[in-house]
file upload01.txt (compact mmCIF, C-alpha atoms)
# COMPACT_ATOMS: atom_id res chain seq x y z
CA MET A 126 28.09 -30.39 100.39
CA ASN A 127 31.22 -31.97 101.86
CA ASP A 128 30.98 -34.85 104.28
CA ASP A 129 31.41 -33.31 107.73
CA ALA A 130 33.61 -36.25 108.73
CA ASN A 131 36.01 -35.60 105.86
CA PRO A 132 35.94 -32.11 104.35
CA PHE A 133 38.93 -32.92 102.12
CA GLN A 134 36.95 -34.09 99.11
CA PRO A 135 35.05 -32.65 96.15
CA PRO A 136 31.62 -31.12 96.75
CA ASP A 137 28.45 -32.84 95.61
CA HIS A 138 28.12 -31.95 91.93
CA THR A 139 24.33 -31.97 92.22
CA VAL A 140 24.59 -29.09 94.69
CA THR A 141 27.70 -27.36 93.34
CA PRO A 142 27.92 -27.92 89.56
CA ARG A 143 31.34 -28.69 88.14
CA PHE A 144 31.52 -25.38 86.27
CA MET A 145 31.07 -23.31 89.45
CA GLY A 146 33.59 -21.79 91.80
CA ILE A 147 37.31 -21.11 91.70
CA PRO A 148 39.06 -24.09 90.04
CA THR A 149 41.11 -26.42 92.21
CA PHE A 150 42.53 -29.80 91.30
CA MET A 151 39.55 -32.18 91.09
CA ARG A 152 37.47 -29.61 93.01
CA VAL A 153 39.03 -30.48 96.38
CA PRO A 154 39.42 -27.67 98.92
CA TYR A 155 42.38 -25.32 98.76
CA VAL A 156 44.47 -25.92 101.89
CA ALA A 157 47.05 -23.31 102.84
CA ASP A 158 48.82 -25.55 105.36
CA ALA A 159 49.38 -28.66 103.27
CA THR A 160 51.21 -30.45 106.09
CA GLU A 161 47.80 -31.44 107.47
CA LEU A 162 47.08 -33.40 104.30
CA ASP A 163 47.91 -36.97 103.40
CA ILE A 164 48.23 -36.05 99.73
CA ALA A 165 48.82 -32.52 98.47
CA MET A 166 48.09 -31.66 94.84
CA ILE A 167 50.43 -28.88 93.78
CA GLY A 168 50.99 -26.74 90.71
CA VAL A 169 54.50 -25.80 89.60
CA PRO A 170 54.04 -23.11 86.91
CA PHE A 171 57.62 -22.98 85.70
CA ASP A 172 59.02 -23.66 82.22
CA GLY A 173 62.31 -21.79 82.44
CA GLY A 174 64.13 -25.00 81.55
CA VAL A 175 62.45 -25.45 78.17
CA THR A 176 64.82 -25.62 75.21
CA ASN A 177 62.36 -24.99 72.37
CA ARG A 178 58.61 -24.39 72.81
CA PRO A 179 57.61 -22.69 76.10
CA GLY A 180 54.09 -22.80 77.48
CA ALA A 181 54.11 -25.44 80.22
CA ARG A 182 54.05 -22.67 82.84
CA HIS A 183 50.36 -22.45 82.01
CA GLY A 184 49.83 -26.17 82.58
CA PRO A 185 48.72 -26.18 86.23
CA ARG A 186 45.98 -23.62 85.64
CA GLN A 187 44.39 -25.44 82.71
CA VAL A 188 44.79 -28.87 84.32
CA ARG A 189 42.92 -27.52 87.33
CA ASP A 190 40.12 -26.35 85.05
CA MET A 191 39.87 -29.62 83.11
CA SER A 192 40.13 -31.70 86.29
CA SER A 193 36.65 -30.51 87.26
CA LEU A 194 35.48 -33.37 85.02
CA ILE A 195 37.13 -35.97 87.27
CA ARG A 196 34.75 -38.00 89.39
CA ARG A 197 35.39 -39.79 92.67
CA VAL A 198 35.36 -43.58 92.25
CA HIS A 199 37.73 -45.37 89.87
CA HIS A 200 35.68 -47.48 87.46
CA VAL A 201 38.19 -50.37 87.38
CA THR A 202 39.62 -50.55 90.89
CA ASP A 203 36.66 -49.06 92.84
CA VAL A 204 39.16 -46.88 94.71
CA ASN A 205 37.78 -43.58 96.03
CA PRO A 206 40.93 -41.65 96.94
CA PHE A 207 38.95 -38.88 98.60
CA GLU A 208 37.51 -41.33 101.11
CA LEU A 209 40.83 -43.02 101.81
CA CYS A 210 42.91 -39.90 102.42
CA LYS A 211 42.88 -36.21 103.23
CA VAL A 212 43.44 -34.74 99.76
CA GLY A 213 43.71 -31.03 99.09
CA ASP A 214 44.97 -28.48 96.60
CA ALA A 215 48.01 -26.78 98.11
CA GLY A 216 48.14 -24.09 95.43
CA ASP A 217 51.17 -23.24 93.31
CA THR A 218 54.80 -23.07 94.31
CA PRO A 219 56.45 -19.67 94.06
CA VAL A 220 58.70 -19.26 91.02
CA ASN A 221 60.84 -16.56 89.48
CA PRO A 222 60.40 -16.67 85.70
CA MET A 223 63.53 -14.55 85.25
CA ASN A 224 65.86 -16.74 87.34
CA LEU A 225 66.09 -20.49 86.84
CA MET A 226 68.34 -21.28 89.80
CA LYS A 227 66.27 -19.19 92.19
CA SER A 228 63.12 -20.94 90.95
CA LEU A 229 64.65 -24.35 91.67
CA GLN A 230 65.35 -23.22 95.23
CA LEU A 231 61.88 -21.75 95.68
CA ILE A 232 60.29 -25.00 94.50
CA GLU A 233 62.46 -27.11 96.80
CA ASP A 234 61.67 -24.82 99.75
CA PHE A 235 57.94 -25.25 99.10
CA TYR A 236 58.17 -29.05 99.18
CA THR A 237 60.57 -29.39 102.09
CA PRO A 238 58.04 -28.99 104.94
CA LEU A 239 55.70 -31.39 103.15
CA ALA A 240 58.44 -33.99 102.94
CA GLU A 241 59.27 -33.51 106.60
CA ALA A 242 55.59 -33.89 107.54
CA GLY A 243 55.16 -37.02 105.43
CA THR A 244 52.67 -35.42 103.05
CA MET A 245 52.74 -37.09 99.63
CA PRO A 246 53.06 -34.63 96.73
CA LEU A 247 51.13 -35.04 93.49
CA SER A 248 52.32 -32.27 91.21
CA VAL A 249 51.56 -30.71 87.85
CA GLY A 250 54.19 -28.81 85.88
CA GLY A 251 55.72 -26.99 84.37
CA ASP A 252 58.58 -28.49 82.39
CA HIS A 253 60.39 -31.65 83.48
CA LEU A 254 63.14 -29.81 85.33
CA ILE A 255 60.65 -29.27 88.19
CA THR A 256 61.06 -32.91 89.23
CA LEU A 257 64.63 -32.24 90.35
CA PRO A 258 63.79 -29.82 93.22
CA ILE A 259 60.85 -32.04 94.20
CA MET A 260 63.24 -34.98 94.48
CA ARG A 261 65.66 -32.85 96.47
CA ALA A 262 62.93 -32.22 99.02
CA ILE A 263 61.71 -35.82 99.14
CA ALA A 264 65.02 -37.69 99.11
CA GLN A 265 67.21 -35.16 100.87
CA ASN A 266 65.29 -32.85 103.15
CA GLY A 267 62.65 -35.41 104.05
CA SER A 268 65.54 -37.75 105.00
CA LYS A 269 63.15 -40.70 105.17
CA HIS A 270 63.79 -42.23 101.81
CA GLY A 271 67.33 -41.59 100.59
CA PRO A 272 67.82 -42.30 96.88
CA VAL A 273 64.46 -43.21 95.40
CA GLY A 274 63.44 -45.40 92.50
CA MET A 275 61.43 -44.00 89.63
CA VAL A 276 58.90 -45.06 87.03
CA HIS A 277 59.40 -42.57 84.22
CA PHE A 278 56.97 -42.24 81.31
CA ASP A 279 58.51 -40.12 78.56
CA ALA A 280 59.70 -39.92 74.98
CA HIS A 281 63.07 -38.67 76.28
CA THR A 282 65.42 -39.96 78.97
CA ASP A 283 66.15 -36.45 80.31
CA THR A 284 69.65 -37.54 81.28
CA ALA A 285 71.57 -35.20 78.99
CA ASP A 286 74.56 -33.28 80.28
CA GLU A 287 75.50 -29.66 79.79
CA GLY A 288 74.18 -27.85 76.76
CA PHE A 289 73.30 -24.41 75.47
CA GLY A 290 76.59 -22.79 76.42
CA GLY A 291 77.40 -25.11 79.31
CA GLU A 292 74.08 -24.85 81.17
CA LYS A 293 73.67 -27.82 83.54
CA TYR A 294 69.99 -27.32 84.26
CA HIS A 295 67.22 -27.61 81.69
CA HIS A 296 64.33 -29.97 81.05
CA GLY A 297 66.64 -32.48 79.37
CA THR A 298 68.91 -32.91 82.40
CA PRO A 299 66.89 -33.50 85.62
CA PHE A 300 67.54 -37.19 86.08
CA ARG A 301 71.27 -37.04 85.34
CA ARG A 302 71.54 -34.31 87.99
CA ALA A 303 69.34 -36.34 90.38
CA VAL A 304 71.66 -39.35 90.08
CA GLU A 305 74.74 -37.17 90.53
CA GLU A 306 73.23 -35.63 93.67
CA GLY A 307 72.38 -39.02 95.17
CA LEU A 308 68.63 -38.43 94.98
CA LEU A 309 67.75 -41.08 92.40
CA ASP A 310 68.85 -44.72 92.36
CA PRO A 311 69.49 -45.47 88.67
CA LYS A 312 69.34 -49.24 89.19
CA ARG A 313 65.76 -48.83 90.45
CA THR A 314 64.73 -46.54 87.59
CA ILE A 315 62.81 -47.52 84.47
CA GLN A 316 62.14 -45.19 81.52
CA ILE A 317 59.26 -46.17 79.25
CA GLY A 318 58.56 -44.99 75.69
CA ILE A 319 61.91 -43.46 74.71
CA ARG A 320 62.11 -42.49 71.04
CA GLY A 321 62.96 -39.79 68.53
CA ALA A 322 65.98 -38.82 66.45
CA ARG A 323 69.01 -37.40 68.25
CA SER A 324 70.93 -34.23 67.53
CA SER A 325 74.24 -36.02 68.13
CA GLY A 326 75.70 -38.89 70.08
CA ASP A 327 73.53 -41.11 72.24
CA TYR A 328 71.21 -39.02 74.35
CA SER A 329 70.38 -42.09 76.44
CA GLN A 330 73.95 -43.20 77.15
CA PHE A 331 74.03 -41.91 80.74
CA SER A 332 70.81 -43.78 81.48
CA LEU A 333 72.28 -47.01 80.10
CA ASP A 334 75.71 -46.60 81.70
CA SER A 335 74.28 -45.80 85.13
CA GLY A 336 72.07 -48.88 85.12
CA MET A 337 68.65 -47.48 84.31
CA ARG A 338 66.28 -49.79 82.45
CA VAL A 339 65.43 -48.00 79.22
CA ILE A 340 62.48 -49.31 77.21
CA TYR A 341 62.55 -47.77 73.79
CA ILE A 342 59.18 -47.50 72.12
CA GLU A 343 59.99 -50.33 69.68
CA GLU A 344 60.67 -52.69 72.58
CA TYR A 345 57.55 -51.43 74.31
CA PHE A 346 55.35 -52.48 71.41
CA GLU A 347 57.16 -55.81 71.10
CA MET A 348 56.71 -56.55 74.81
CA GLY A 349 53.14 -55.36 75.28
CA VAL A 350 51.63 -53.60 78.26
CA ASP A 351 51.49 -56.57 80.64
CA ALA A 352 55.15 -57.44 80.14
CA VAL A 353 56.16 -53.80 80.59
CA ILE A 354 54.25 -53.71 83.88
CA ALA A 355 56.01 -56.88 85.06
CA GLU A 356 59.40 -55.46 84.09
CA THR A 357 58.61 -52.20 85.86
CA ARG A 358 57.71 -53.97 89.08
CA ARG A 359 60.89 -56.06 88.84
CA VAL A 360 63.10 -52.99 88.40
CA VAL A 361 61.71 -50.78 91.17
CA GLY A 362 61.09 -53.61 93.65
CA ASP A 363 59.63 -52.74 97.03
CA GLY A 364 61.71 -49.65 97.76
CA PRO A 365 60.39 -46.06 97.79
CA THR A 366 59.41 -45.10 94.27
CA TYR A 367 58.42 -41.89 92.50
CA ILE A 368 56.32 -41.68 89.31
CA SER A 369 57.07 -38.99 86.75
CA PHE A 370 54.73 -38.76 83.76
CA ASP A 371 55.72 -36.54 80.85
CA VAL A 372 52.76 -36.19 78.50
CA ASP A 373 55.09 -36.34 75.49
CA GLY A 374 55.49 -40.03 76.24
CA LEU A 375 52.05 -40.32 74.70
CA ASP A 376 51.61 -40.13 70.97
CA PRO A 377 50.91 -36.48 70.10
CA VAL A 378 47.54 -37.40 68.64
CA TYR A 379 46.49 -37.80 72.30
CA ALA A 380 48.54 -34.94 73.75
CA PRO A 381 49.49 -32.34 71.14
CA GLY A 382 49.81 -29.59 73.74
CA THR A 383 53.39 -30.21 74.77
CA GLY A 384 56.75 -28.63 74.07
CA THR A 385 58.61 -31.55 72.49
CA PRO A 386 56.12 -33.87 70.77
CA GLU A 387 57.42 -37.16 69.35
CA VAL A 388 55.23 -39.25 67.05
CA GLY A 389 54.86 -42.99 67.52
CA GLY A 390 54.07 -43.16 71.23
CA TYR A 391 51.63 -45.18 73.30
CA SER A 392 47.96 -44.36 73.70
CA THR A 393 46.17 -42.84 76.65
CA HIS A 394 44.51 -46.18 77.41
CA GLU A 395 47.84 -47.99 77.37
CA ALA A 396 49.22 -45.37 79.76
CA GLN A 397 46.27 -45.86 82.09
CA ARG A 398 46.80 -49.63 82.06
CA MET A 399 50.48 -49.19 82.89
CA LEU A 400 49.69 -46.88 85.78
CA ARG A 401 47.08 -49.27 87.15
CA GLY A 402 49.70 -51.99 87.00
CA LEU A 403 51.69 -50.13 89.67
CA ARG A 404 49.18 -50.89 92.44
CA GLY A 405 50.85 -52.04 95.61
CA LEU A 406 54.25 -50.47 94.97
CA ASN A 407 55.88 -48.33 97.65
CA LEU A 408 54.95 -44.99 96.08
CA ILE A 409 56.02 -41.72 97.69
CA GLY A 410 54.92 -39.10 95.16
CA ALA A 411 54.20 -38.39 91.51
CA ASP A 412 54.00 -35.68 88.90
CA VAL A 413 52.57 -34.87 85.47
CA VAL A 414 54.70 -32.49 83.42
CA GLU A 415 55.02 -30.69 80.08
CA VAL A 416 51.33 -29.87 79.54
CA ALA A 417 51.58 -26.74 77.38
CA PRO A 418 48.09 -25.28 76.78
CA PRO A 419 49.12 -22.77 74.08
CA PHE A 420 49.72 -25.70 71.71
CA ASP A 421 46.31 -27.30 72.28
CA PRO A 422 43.44 -24.79 72.35
CA THR A 423 40.93 -27.66 72.71
CA GLY A 424 42.09 -28.36 76.27
CA ASN A 425 42.36 -32.09 75.52
CA THR A 426 46.01 -32.35 76.58
CA ALA A 427 45.15 -30.81 79.94
CA LEU A 428 42.29 -33.29 80.32
CA VAL A 429 44.72 -36.11 79.59
CA GLY A 430 47.08 -34.68 82.22
CA ALA A 431 44.26 -34.45 84.76
CA THR A 432 43.20 -38.02 84.04
CA MET A 433 46.71 -39.42 84.49
CA MET A 434 46.92 -37.37 87.66
CA TYR A 435 43.75 -39.04 88.91
CA GLU A 436 45.15 -42.49 88.11
CA MET A 437 48.20 -41.66 90.21
CA LEU A 438 46.09 -40.15 92.98
CA CYS A 439 44.28 -43.48 93.30
CA LEU A 440 47.62 -45.30 93.52
CA LEU A 441 49.00 -42.93 96.15
CA ALA A 442 45.81 -43.00 98.25
CA GLU A 443 45.53 -46.76 98.19
CA GLY A 444 49.21 -47.14 99.07
CA ARG A 445 48.93 -44.58 101.84
CA THR A 446 46.29 -46.64 103.59

call {"tool": "encode", "arguments": {"input": "upload01.txt", "output": "structure tokens"}}
result
Amino acid sequence: MNDDANPFQPPDHTVTPRFMGIPTFMRVPYVADATELDIAMIGVPFDGGVTNRPGARHGPRQVRDMSSLIRRVHHVTDVNPFELCKVGDAGDTPVNPMNLMKSLQLIEDFYTPLAEAGTMPLSVGGDHLITLPIMRAIAQNGSKHGPVGMVHFDAHTDTADEGFGGEKYHHGTPFRRAVEEGLLDPKRTIQIGIRGARSSGDYSQFSLDSGMRVIYIEEYFEMGVDAVIAETRRVVGDGPTYISFDVDGLDPVYAPGTGTPEVGGYSTHEAQRMLRGLRGLNLIGADVVEVAPPFDPTGNTALVGATMMYEMLCLLAEGRT
């Protein structure tokens, strides 16, 4: 049973087994009015920006299911986010799978009242384009933060320009558009794990020219986790910062269920260590994206996504208090 003093937490698994009930993120209550929460966990089931292998629209549902394995207290930091904050599952944003631009607006509209209420969003996509409307709500409609910094875990910079017949919006463009719209401060942005052959030109040139700190995977392995953490903290400083975690930043042996896998990435443990190294930063929200269940019938990629989500939940809850 839930603690009467704080109903926004998972039920006792000895009374309600983890395999029972309608799945929610980490078995917290579903809360229709998320503005009453400190941290809202949200699904964004949209992959209309994918350029090759779709399937991430199914990510939120399977991450919810696999997140039933998540327990309360972090084994390294002793943080119990469910005691520190009111945490709930706010459900899924509305989307229109036939209309990309309308979906971006629907997603932004969902997050806007949360930003205005000061509720921190912790989201699961969906492809990486979903971060753009979330940032629009946080940095623009919330009006409390202005351009935000970002810690970006990914194999790709996602700062490409127009492609596919002049389309400006797809999962390879969100952070170029975010800089252009004044939502993202490139000089307070670090991108970790970038790799993979390019189709043409330098896919990362906008990131480099705008002042983002790009850590290619070769530099990552030369530096080591501790040095990458120190560099990350130097880049983002003490300003408001968003975390965006694309599971394809991981080596695909750990997360094969994703649309654009790139071999040669970091491990799940290294990713956990990097996330834990962000304790104490001024964090305002986070997301996990590109979990595509059709490419991993084992469910392991969704479990990885849920686990990284939990790591970020602990960071957000501790920072909130």

call {"tool": "closest_residue", "arguments": {"input": "upload01.txt", "among": "A:Met275, A:Asn224, A:His296, A:Ala417", "to": "Thr357 of chain A", "atoms": "all atoms listed in the file"}}
result
A:Met275

call {"tool": "residues_around", "arguments": {"input": "upload01.txt", "residues": "segment 243-246 of chain A", "least_positions_apart": "5", "cutoff": "8 Å", "atoms": "only C-alpha atoms", "output": "ChimeraX atom specification"}}
result
/A:159-167,236,267,409-412,441

call {"tool": "closest_residue", "arguments": {"input": "upload01.txt", "among": "A:Glu347, A:Asp376, A:Asp190, A:Asp334", "to": "Gly321 of chain A", "atoms": "only C-alpha atoms"}}
result
A:Asp376

call {"tool": "closest_residue", "arguments": {"input": "upload01.txt", "among": "A:Arg143, A:Arg320, A:His183, A:Lys211", "to": "Tyr341 of chain A", "atoms": "all atoms listed in the file"}}
result
A:Arg320

call {"tool": "closest_residue", "arguments": {"input": "upload01.txt", "among": "A:Gly290, A:Gly390, A:Gly274, A:Leu333", "to": "Asp363 of chain A", "atoms": "only C-alpha atoms"}}
result
A:Gly274

call {"tool": "atom_distance", "arguments": {"input": "upload01.txt", "atom1": "atom CA of Tyr367 of chain A", "atom2": "atom CA of Glu443 of chain A"}}
result
14.9 Å

call {"tool": "atom_distance", "arguments": {"input": "upload01.txt", "atom1": "atom CA of Gly291 of chain A", "atom2": "atom CA of Asp234 of chain A"}}
result
25.8 Å
